[in-house]
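A.B. asks: Quick one: the structure is below, questions incoming.
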Amino acid sequence: MQGRRPEVSLLSLPGSCLWRGLGGTRVTSALLAPQTFLRAQATWVLKWERLLKAIGMGQVENLKEKLISQAQEVSRLRSELGGTDLEKHRDLLMVENERLRQEMRRFEAELQELRAKPVAPCTGCEHSQESAQLRDKLSQLQLEVVENKGMLSELNLEVQQKTDRLAEVELRLKDCLAEKAQEEERLSRRLRDSHETIASLRAQSPPIKYVIKTVEVESSKTKQALSESQARNQHLQEQVAMQRQVLKEMEQQLQSSHQLTAQLRAQIAMYESELERAHGQMLEEMQSLEEDKNRAIEEAFARAQVEMKAVHENLAGVRTNLLTLQPALRTLTNDYNGLKRQVRGFPLLLQEALKSVKAEIGQAIEEVNSNNQELLRKYRRELQLRKKCHNELVRLKGNIRVIARVRPVTKEDGEGPEATNAVTFDADDDSIIHLLHKGKPVSFELDKVFSPRASQQDVFQEVQALITSCIDGFNVCIFAYGQTGAGKTYTMEGTPENPGINQRALQLLFSEVQEKASDWDYTITVSAAEIYNEVLRDLLGQEPQEKLEIRLCPDGSGQLYVPGLTEFRVQSVEDINKVFEFGHTNRTTEFTNLNEHSSRSHALLIVTVRGVDCSTGLRTTGKLNLVDLAGSERVGKSGAEGSRLREAQHINKSLSALGDVIAALRSRQGHVPFRNSKLTYLLQDSLSGDSKTLMVVQVSPVEKNTSETLYSLKFAERVRSVELGPGSRRAELGSWSSQEHLEWEPACQTPQPSARAHSAPSSGTTSRPGSIRRKLQPLGKSRPVPV
Ligand code: ADP
Ligand code: MG
C-alpha cells in the first residue's frame, strides 16, 4: 500500500475550469475542484507520512507546519473569496432597495393624493401658469422615476444573480472545508498511528534497517513524487492567482455597480428634491388660493351683510311709507272712481264738442278757400300785368339791344401819339360815341354808350332787367364783342375785387330767387363751354378736349341740347367762383402780337333757371347765355399765319354768322341761318322767339386801335339798325350773308365825318330805335311763362 502511486493526478484535473465555474456555466466541475484538490493533498500528505516515517520526527514537525500553513492559506483564500463582504453588500443593497421602494410608495401616495384634490379653476390667476408648468415638470419627473425604477429593478436582478452565485460558492467552500476537516482528522489519526508505529519500530531495530533500506530504495521514487507535488503546488498557486484576478474583477464590477447605485441614488435624491419643491409650490399655491377664496368669501359676506342692512332699512322705510300711503291711496281711489264716472260721460261731451269744432273749422276753411281763390286770382292778374309790362318794356327797348363800352387807356397801350385817346362822348346824349379815325371824326349811335369812367356796377345796372326776365322764363343772350384787349373779359368776368356781369348776374339771380322762395321753387344750374375753331368743348367736364355735338331734343319739342355738357347746380357765390376757376383752367388762350393776352375762342357761361310755382305747379325755364366772344380783329393786322390764320378765319366766320342771325331775327325773316356756325346753332333757342339779346361792343380808346374800333362800332350799329319793316329790311340785309363780318358795310350807313350817323337825314334806318322801332311779334316757339 505504501508503494502505491496517487490514484488521481492533479495535472489531469480540470483546473482551468476551476474558478470559471463561478460564472455559472461549469458549476459541477467547479464544485469538484476543491474536493479533488483535498484528495490530492491527502495523498500527498500520506506520501510525506511515509517519508517522515523514513526520516524521523523532525521531518514530521516540518510537515505539520506546512500543513498548518496550507490550512491558513485555505482560510485566507476563503476570506479572499469575499463571501462575507459580498453578503454585506448584498444586504446593504437589499436594505437600500427596500428603503427606496418605501419612499417611492410614499411619493406615489402623495402624488395621488395631490391629484385627487380638486384644484379650483382660477382663470386669470397669476399662479395658474406656474402651476401648469409645475404639473408638467411633475409628470416629467414621474416618467424619469419610472425609468429609474426599471433600472433599479435591473440592478436588483443583477445583485440577486450575484448573491445566488455567492451562495453557491459558499456552499462549495463549506463542502471543501468539511472535507478538509475530515481529511485533517484522518491524517492526524494516521500520524498518531505512524508515531506509534515508529515507536514500535524503534523498539524493533532490525526491521528498521530494512525499512531504511526500503526507504533508500524508494528514495528516488519519493523524490520524483516530491517534484510532482511541487509542480502541482505551483499549479495550485497559479490557480490561486487566477482566483485572485477573478476576485479583483468581481470587486471592480461590484464597485461600478456601487457607483451606478450611488448615481441612481443621487438622481433619485434630485428628483425627490424637485418633487418636494413642486409639492411645496403646489401647497403654497393651494394655500394662497385657499386664502383668496376665504378672503373673497369674507368680503362677500361683509358686503351681503351691509346690503342686508340697507335692505332692512329700506324695508322699514317702505313699511312706514306704506302706512302713510294707505290713506292717500284711499283718497286716490275715491278720486279715481269719480274720474271714472266722468270719463264714462266724456265721449258724449267729446262728440258734441267735436261736432261744433268741425263746423267751425269747415266754416274757417271755406273762408280761407274763398280768400285763397281771391288771392290766386289777384296773383295771376299781377303776373299777367308783369308779363304785359315786360313785353311792353321789350317792345320799348327792343329785344336786341346794342351798347358800347369804352375801356380806359391802360399802361399796355404804351405812350406817344399811338396811345393818344381817339374816342369822345356826347355830354347830352349817352347813346352817341365819336371816333377820330385817321384825322376824321366818325359818330355812331347805339342804345347806350359807357365811357371809361363807367363802373362795372353801372354796366350791370343796364343789363339787370334782362337777367331778372330770365327768372320769368325768358331766354337771354349777352355778348361781349370787340377786338382783343378792348375789355370783353373785363366786362363779362371782371376781376375778383370788381366782378363783371357773369358773377353779378348770378348774385342777382340768387337774391331774386330767394325773394320769391315762398311762392316759387327755383334751381339754378351753370354750364361753361368754349367754341374754338368751330369745335364745341365742355369747360367744366372731366375731359375738356372732348368734342361736343349739338342735337335736337328727341321729344319733338324742337329744342336743342348738348349731350355730355356738364351742368353744376350753384347755390352760393363760392359755388360760382369754383365753377369759373375750373372753367378758366380748361380754356384755351393764345398770344398774338396785337395784345399780350388774346382769346381765340368764344367762352360761354350758360345759366339755366328752372322754377316751379308752388301754388299752381306751373314750371318755367329761363336761360341766360353770357358770351365772351373771341377777338374781332382782322387777320392781316395780327400777322397771323398757319394755325393762327385758321383760328382767325373760324372766328371771322362765326362772328359773321352771329351778325347774319341777328339781322335775320330783327328783320323777321322766314329763315334764320342759325346753323352757319356752332355759336349761333348752340344759342338758337336763346336768340329766337321772345328771347332778349344784348351786345356789349368793347372799344379801345387809343389812336393805334381806331381801325378795329371803327369796324367794331360799324358792326354794332348795323346790328342795331336792322330793326326795320320786312320790305326795306330784306333789301338792306343782302350783304349780311358775307362770311367776312367786318367787310360788310351797309350802303345807307356810310359814316358821315363830323356828323352823327343816326341823325343823317338820308338814312331812315339809323334813327333812334325808340322812334321807329315797331313792336315785334315773337317768332318761333315761346318759352313757357307764368301766366
Ligand atoms: P379782351 O377780353 O377784350 O381781350 P380784356 O378784358 O382782357 O380784353 O382787357 C384788356 C385789359 O384792359 C385788361 O388788363 C383789363 O383789365 C383792362 N380793362 C378793360 N376794360 C377795362 C375797364 N373798363 N376798366 C379798367 N380796365 C379795363
Ligand atoms: Mg378776353
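Going through the C-alpha cells in order, the chains are called A, B, and so on, while each chain numbers its residues from 1 and the ligands are numbered from 1 in the order shown.
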Please report as JSON lines every residue of chain A lying within 8 Å of ligand 1, along with the nearest atom pair and their distance in Å (one decimal), using only C-alpha atoms and all ligand atoms.

C.D. replies:
```
{"residue": "A:Arg405", "atom": "CA", "partner": "ligand 1", "partner_atom_place_in_ligand_line": "23 (N)", "distance": 7.3}
{"residue": "A:Val406", "atom": "CA", "partner": "ligand 1", "partner_atom_place_in_ligand_line": "23 (N)", "distance": 6.7}
{"residue": "A:Arg407", "atom": "CA", "partner": "ligand 1", "partner_atom_place_in_ligand_line": "23 (N)", "distance": 4.2}
{"residue": "A:Pro408", "atom": "CA", "partner": "ligand 1", "partner_atom_place_in_ligand_line": "24 (N)", "distance": 5.6}
{"residue": "A:Val409", "atom": "CA", "partner": "ligand 1", "partner_atom_place_in_ligand_line": "26 (N)", "distance": 7.9}
{"residue": "A:Thr410", "atom": "CA", "partner": "ligand 1", "partner_atom_place_in_ligand_line": "12 (O)", "distance": 6.5}
{"residue": "A:Glu412", "atom": "CA", "partner": "ligand 1", "partner_atom_place_in_ligand_line": "14 (O)", "distance": 7.7}
{"residue": "A:Pro452", "atom": "CA", "partner": "ligand 1", "partner_atom_place_in_ligand_line": "23 (N)", "distance": 5.6}
{"residue": "A:Arg453", "atom": "CA", "partner": "ligand 1", "partner_atom_place_in_ligand_line": "23 (N)", "distance": 7.5}
{"residue": "A:Ala454", "atom": "CA", "partner": "ligand 1", "partner_atom_place_in_ligand_line": "23 (N)", "distance": 7.0}
{"residue": "A:Ser455", "atom": "CA", "partner": "ligand 1", "partner_atom_place_in_ligand_line": "23 (N)", "distance": 6.9}
{"residue": "A:Gln456", "atom": "CA", "partner": "ligand 1", "partner_atom_place_in_ligand_line": "23 (N)", "distance": 7.3}
{"residue": "A:Ala480", "atom": "CA", "partner": "ligand 1", "partner_atom_place_in_ligand_line": "3 (O)", "distance": 8.0}
{"residue": "A:Tyr481", "atom": "CA", "partner": "ligand 1", "partner_atom_place_in_ligand_line": "3 (O)", "distance": 7.6}
{"residue": "A:Gly482", "atom": "CA", "partner": "ligand 1", "partner_atom_place_in_ligand_line": "3 (O)", "distance": 6.1}
{"residue": "A:Gln483", "atom": "CA", "partner": "ligand 1", "partner_atom_place_in_ligand_line": "3 (O)", "distance": 5.9}
{"residue": "A:Thr484", "atom": "CA", "partner": "ligand 1", "partner_atom_place_in_ligand_line": "4 (O)", "distance": 3.6}
{"residue": "A:Gly485", "atom": "CA", "partner": "ligand 1", "partner_atom_place_in_ligand_line": "4 (O)", "distance": 3.4}
{"residue": "A:Ala486", "atom": "CA", "partner": "ligand 1", "partner_atom_place_in_ligand_line": "3 (O)", "distance": 4.1}
{"residue": "A:Gly487", "atom": "CA", "partner": "ligand 1", "partner_atom_place_in_ligand_line": "6 (O)", "distance": 3.2}
{"residue": "A:Lys488", "atom": "CA", "partner": "ligand 1", "partner_atom_place_in_ligand_line": "3 (O)", "distance": 3.7}
{"residue": "A:Thr489", "atom": "CA", "partner": "ligand 1", "partner_atom_place_in_ligand_line": "6 (O)", "distance": 3.6}
{"residue": "A:Tyr490", "atom": "CA", "partner": "ligand 1", "partner_atom_place_in_ligand_line": "6 (O)", "distance": 3.6}
{"residue": "A:Thr491", "atom": "CA", "partner": "ligand 1", "partner_atom_place_in_ligand_line": "6 (O)", "distance": 6.4}
{"residue": "A:Met492", "atom": "CA", "partner": "ligand 1", "partner_atom_place_in_ligand_line": "6 (O)", "distance": 7.9}
{"residue": "A:Gly494", "atom": "CA", "partner": "ligand 1", "partner_atom_place_in_ligand_line": "6 (O)", "distance": 7.4}
{"residue": "A:Thr495", "atom": "CA", "partner": "ligand 1", "partner_atom_place_in_ligand_line": "16 (O)", "distance": 7.6}
{"residue": "A:Asn595", "atom": "CA", "partner": "ligand 1", "partner_atom_place_in_ligand_line": "4 (O)", "distance": 7.6}
{"residue": "A:His597", "atom": "CA", "partner": "ligand 1", "partner_atom_place_in_ligand_line": "4 (O)", "distance": 6.4}
{"residue": "A:Ser598", "atom": "CA", "partner": "ligand 1", "partner_atom_place_in_ligand_line": "4 (O)", "distance": 5.3}
{"residue": "A:Ser599", "atom": "CA", "partner": "ligand 1", "partner_atom_place_in_ligand_line": "4 (O)", "distance": 6.2}
{"residue": "A:Asp628", "atom": "CA", "partner": "ligand 1", "partner_atom_place_in_ligand_line": "2 (O)", "distance": 7.4}
{"residue": "A:Ala630", "atom": "CA", "partner": "ligand 1", "partner_atom_place_in_ligand_line": "4 (O)", "distance": 8.0}
{"residue": "A:Gly631", "atom": "CA", "partner": "ligand 1", "partner_atom_place_in_ligand_line": "4 (O)", "distance": 6.5}
{"residue": "A:Gln698", "atom": "CA", "partner": "ligand 1", "partner_atom_place_in_ligand_line": "3 (O)", "distance": 6.8}
```

A.B. asks: If DSSP is run on the backbone, what residues of region 312-435 of chain A are strand (DSSP E)? A reply as a list in words would be ideal.

C.D. replies: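 Reading the DSSP output for region 312-435 of chain A, strand (DSSP E) covers Ile400, Arg401, Val402, Ile403, Ala404, Arg405, Val406, Val423, Thr424, Phe425, Ile432, Ile433, His434 and Leu435 of chain A.
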
A.B. asks: Keeping only all heavy atoms, write the selected residues to a file as a CSV table (one decimal), in the first residue's frame.

C.D. replies:
```csv
chain,number,residue,atom,x,y,z
A,400,ILE,N,-83.4,143.2,-79.2
A,400,ILE,CA,-82.0,143.1,-79.4
A,400,ILE,C,-81.4,144.5,-79.2
A,400,ILE,O,-81.8,145.5,-79.9
A,400,ILE,CB,-81.6,142.6,-80.8
A,400,ILE,CG1,-82.2,141.2,-81.0
A,400,ILE,CG2,-80.1,142.7,-81.1
A,400,ILE,CD1,-82.0,140.7,-82.4
A,401,ARG,N,-80.5,144.6,-78.2
A,401,ARG,CA,-80.0,145.9,-77.8
A,401,ARG,C,-78.5,145.9,-78.0
A,401,ARG,O,-77.9,144.9,-77.7
A,401,ARG,CB,-80.4,146.3,-76.4
A,401,ARG,CG,-81.9,146.5,-76.3
A,401,ARG,CD,-82.3,146.9,-74.9
A,401,ARG,NE,-81.9,148.2,-74.6
A,401,ARG,CZ,-81.1,148.5,-73.5
A,401,ARG,NH1,-80.8,147.5,-72.7
A,401,ARG,NH2,-80.7,149.7,-73.3
A,402,VAL,N,-78.0,147.0,-78.3
A,402,VAL,CA,-76.5,147.1,-78.5
A,402,VAL,C,-76.0,148.3,-77.7
A,402,VAL,O,-76.5,149.4,-77.8
A,402,VAL,CB,-76.2,147.3,-80.0
A,402,VAL,CG1,-74.6,147.3,-80.2
A,402,VAL,CG2,-76.8,146.2,-80.9
A,403,ILE,N,-75.0,148.0,-76.9
A,403,ILE,CA,-74.4,149.1,-76.1
A,403,ILE,C,-72.9,149.0,-76.3
A,403,ILE,O,-72.4,148.0,-76.7
A,403,ILE,CB,-74.7,149.0,-74.6
A,403,ILE,CG1,-74.2,147.6,-74.0
A,403,ILE,CG2,-76.2,149.1,-74.3
A,403,ILE,CD1,-74.3,147.6,-72.5
A,404,ALA,N,-72.3,150.1,-76.1
A,404,ALA,CA,-70.8,150.2,-76.3
A,404,ALA,C,-70.2,150.5,-74.9
A,404,ALA,O,-70.7,151.2,-74.1
A,404,ALA,CB,-70.4,151.2,-77.3
A,405,ARG,N,-69.0,149.9,-74.7
A,405,ARG,CA,-68.2,150.3,-73.5
A,405,ARG,C,-66.8,150.6,-73.9
A,405,ARG,O,-66.2,149.8,-74.6
A,405,ARG,CB,-68.3,149.1,-72.5
A,405,ARG,CG,-67.6,149.6,-71.2
A,405,ARG,CD,-67.6,148.5,-70.2
A,405,ARG,NE,-67.2,149.0,-68.9
A,405,ARG,CZ,-67.0,148.2,-67.8
A,405,ARG,NH1,-67.1,146.9,-67.9
A,405,ARG,NH2,-66.6,148.8,-66.7
A,406,VAL,N,-66.4,151.8,-73.6
A,406,VAL,CA,-65.0,152.2,-73.9
A,406,VAL,C,-64.1,152.0,-72.7
A,406,VAL,O,-64.5,152.5,-71.6
A,406,VAL,CB,-65.0,153.7,-74.4
A,406,VAL,CG1,-63.6,154.1,-74.8
A,406,VAL,CG2,-65.9,153.9,-75.5
A,423,VAL,N,-61.3,158.6,-78.8
A,423,VAL,CA,-62.8,158.5,-78.6
A,423,VAL,C,-63.3,159.6,-77.7
A,423,VAL,O,-62.7,159.9,-76.7
A,423,VAL,CB,-63.1,157.1,-78.0
A,423,VAL,CG1,-64.6,156.9,-77.7
A,423,VAL,CG2,-62.6,156.0,-78.9
A,424,THR,N,-64.4,160.2,-78.1
A,424,THR,CA,-65.1,161.2,-77.3
A,424,THR,C,-66.5,160.9,-77.2
A,424,THR,O,-67.1,160.1,-78.0
A,424,THR,CB,-64.9,162.6,-77.9
A,424,THR,OG1,-65.2,162.5,-79.3
A,424,THR,CG2,-63.4,163.1,-77.7
A,425,PHE,N,-67.2,161.6,-76.3
A,425,PHE,CA,-68.6,161.3,-76.0
A,425,PHE,C,-69.5,162.5,-76.1
A,425,PHE,O,-68.9,163.6,-76.0
A,425,PHE,CB,-68.7,160.6,-74.6
A,425,PHE,CG,-67.9,159.4,-74.4
A,425,PHE,CD1,-66.6,159.6,-73.9
A,425,PHE,CD2,-68.3,158.2,-74.9
A,425,PHE,CE1,-65.8,158.5,-73.8
A,425,PHE,CE2,-67.4,157.1,-74.7
A,425,PHE,CZ,-66.2,157.2,-74.2
A,432,ILE,N,-74.4,158.3,-77.9
A,432,ILE,CA,-73.5,158.7,-79.0
A,432,ILE,C,-72.0,158.6,-78.7
A,432,ILE,O,-71.6,158.8,-77.5
A,432,ILE,CB,-73.8,160.2,-79.3
A,432,ILE,CG1,-75.3,160.5,-79.6
A,432,ILE,CG2,-72.9,160.7,-80.5
A,432,ILE,CD1,-75.8,159.8,-80.8
A,433,ILE,N,-71.3,158.1,-79.6
A,433,ILE,CA,-69.8,158.0,-79.5
A,433,ILE,C,-69.2,158.5,-80.7
A,433,ILE,O,-69.6,158.3,-81.8
A,433,ILE,CB,-69.5,156.5,-79.2
A,433,ILE,CG1,-67.9,156.4,-79.0
A,433,ILE,CG2,-69.9,155.5,-80.3
A,433,ILE,CD1,-67.5,155.0,-78.5
A,434,HIS,N,-68.1,159.3,-80.5
A,434,HIS,CA,-67.3,159.9,-81.6
A,434,HIS,C,-66.0,159.3,-81.6
A,434,HIS,O,-65.3,159.1,-80.6
A,434,HIS,CB,-67.1,161.4,-81.4
A,434,HIS,CG,-68.4,162.1,-81.1
A,434,HIS,ND1,-69.4,162.3,-82.1
A,434,HIS,CD2,-68.9,162.8,-80.0
A,434,HIS,CE1,-70.4,163.0,-81.6
A,434,HIS,NE2,-70.2,163.3,-80.3
A,435,LEU,N,-65.5,159.0,-82.8
A,435,LEU,CA,-64.2,158.4,-83.0
A,435,LEU,C,-63.4,159.2,-84.0
A,435,LEU,O,-63.9,159.6,-85.1
A,435,LEU,CB,-64.4,156.9,-83.6
A,435,LEU,CG,-63.1,156.2,-83.9
A,435,LEU,CD1,-62.3,155.8,-82.6
A,435,LEU,CD2,-63.4,154.9,-84.7
```

A.B. asks: Please determine, counting only C-alpha atoms and all ligand atoms, which residue among A:Ala603, A:Val146, A:Ala716, A:Val661 has the shortest atom-to-atom distance to ligand 2.

C.D. replies: A:Ala603

A.B. asks: Expressed in Å to a single decimal, how great is the separation between CA of Asn652 (chain A) and CA of Ser677 (chain A)?

C.D. replies: 10.5 Å

A.B. asks: I need the helix (DSSP H, G or I) residues of region 550-700 of chain A per DSSP on the backbone, written as a PyMOL selection string.

C.D. replies: chain A and resi 573-586+635-638+643-666+674-676+678-682+684-687

A.B. asks: Give me the residues within 7 Å of Val526 (chain A) as a list of chain:residue names, counting only C-alpha atoms and dropping any in the same chain fewer than 4 places off.

C.D. replies: A:Glu567, A:Phe568, A:Arg569, A:Val570, A:Ile606, A:Val607, A:Thr608

A.B. asks: Convert the current residue selection to file output with all heavy atoms, as an mmCIF file, in the first residue's frame.

C.D. replies:
```cif
data_model
loop_
_atom_site.group_PDB
_atom_site.id
_atom_site.type_symbol
_atom_site.label_atom_id
_atom_site.label_comp_id
_atom_site.auth_asym_id
_atom_site.auth_seq_id
_atom_site.Cartn_x
_atom_site.Cartn_y
_atom_site.Cartn_z
ATOM 1 N N GLU A 567 -73.315 120.149 -66.112
ATOM 2 C CA GLU A 567 -74.196 121.155 -65.518
ATOM 3 C C GLU A 567 -73.995 121.107 -64.002
ATOM 4 O O GLU A 567 -74.138 120.050 -63.408
ATOM 5 C CB GLU A 567 -75.647 120.802 -65.858
ATOM 6 C CG GLU A 567 -76.446 121.980 -66.334
ATOM 7 C CD GLU A 567 -77.899 121.615 -66.636
ATOM 8 O OE1 GLU A 567 -78.267 120.428 -66.571
ATOM 9 O OE2 GLU A 567 -78.659 122.521 -66.928
ATOM 10 N N PHE A 568 -73.629 122.250 -63.418
ATOM 11 C CA PHE A 568 -73.429 122.283 -61.962
ATOM 12 C C PHE A 568 -74.550 123.080 -61.329
ATOM 13 O O PHE A 568 -74.867 124.174 -61.788
ATOM 14 C CB PHE A 568 -72.112 122.984 -61.609
ATOM 15 C CG PHE A 568 -70.897 122.105 -61.750
ATOM 16 C CD1 PHE A 568 -69.856 122.455 -62.602
ATOM 17 C CD2 PHE A 568 -70.789 120.937 -61.014
ATOM 18 C CE1 PHE A 568 -68.744 121.658 -62.727
ATOM 19 C CE2 PHE A 568 -69.666 120.128 -61.136
ATOM 20 C CZ PHE A 568 -68.655 120.489 -61.994
ATOM 21 N N ARG A 569 -75.076 122.553 -60.251
ATOM 22 C CA ARG A 569 -76.088 123.326 -59.524
ATOM 23 C C ARG A 569 -75.338 124.277 -58.592
ATOM 24 O O ARG A 569 -74.443 123.863 -57.875
ATOM 25 C CB ARG A 569 -76.978 122.382 -58.713
ATOM 26 C CG ARG A 569 -78.049 123.154 -58.019
ATOM 27 C CD ARG A 569 -79.054 122.276 -57.356
ATOM 28 N NE ARG A 569 -80.014 123.150 -56.703
ATOM 29 C CZ ARG A 569 -80.988 122.739 -55.947
ATOM 30 N NH1 ARG A 569 -81.170 121.460 -55.767
ATOM 31 N NH2 ARG A 569 -81.801 123.586 -55.370
ATOM 32 N N VAL A 570 -75.680 125.577 -58.643
ATOM 33 C CA VAL A 570 -74.984 126.542 -57.802
ATOM 34 C C VAL A 570 -75.969 127.177 -56.835
ATOM 35 O O VAL A 570 -77.120 127.421 -57.167
ATOM 36 C CB VAL A 570 -74.268 127.641 -58.635
ATOM 37 C CG1 VAL A 570 -73.031 127.109 -59.317
ATOM 38 C CG2 VAL A 570 -75.209 128.252 -59.658
ATOM 39 N N ILE A 606 -73.463 129.388 -69.448
ATOM 40 C CA ILE A 606 -74.898 129.165 -69.656
ATOM 41 C C ILE A 606 -75.550 128.920 -68.289
ATOM 42 O O ILE A 606 -75.255 127.922 -67.628
ATOM 43 C CB ILE A 606 -75.139 127.969 -70.603
ATOM 44 C CG1 ILE A 606 -74.392 128.217 -71.930
ATOM 45 C CG2 ILE A 606 -76.630 127.737 -70.828
ATOM 46 C CD1 ILE A 606 -74.124 126.973 -72.737
ATOM 47 N N VAL A 607 -76.401 129.847 -67.893
ATOM 48 C CA VAL A 607 -77.086 129.731 -66.595
ATOM 49 C C VAL A 607 -78.538 129.377 -66.881
ATOM 50 O O VAL A 607 -79.206 130.072 -67.631
ATOM 51 C CB VAL A 607 -77.006 131.059 -65.809
ATOM 52 C CG1 VAL A 607 -77.647 130.912 -64.444
ATOM 53 C CG2 VAL A 607 -75.573 131.544 -65.690
ATOM 54 N N THR A 608 -78.978 128.284 -66.297
ATOM 55 C CA THR A 608 -80.365 127.869 -66.503
ATOM 56 C C THR A 608 -81.117 128.030 -65.190
ATOM 57 O O THR A 608 -80.661 127.546 -64.154
ATOM 58 C CB THR A 608 -80.427 126.398 -66.983
ATOM 59 O OG1 THR A 608 -79.484 126.253 -68.042
ATOM 60 C CG2 THR A 608 -81.802 126.002 -67.470
#
```
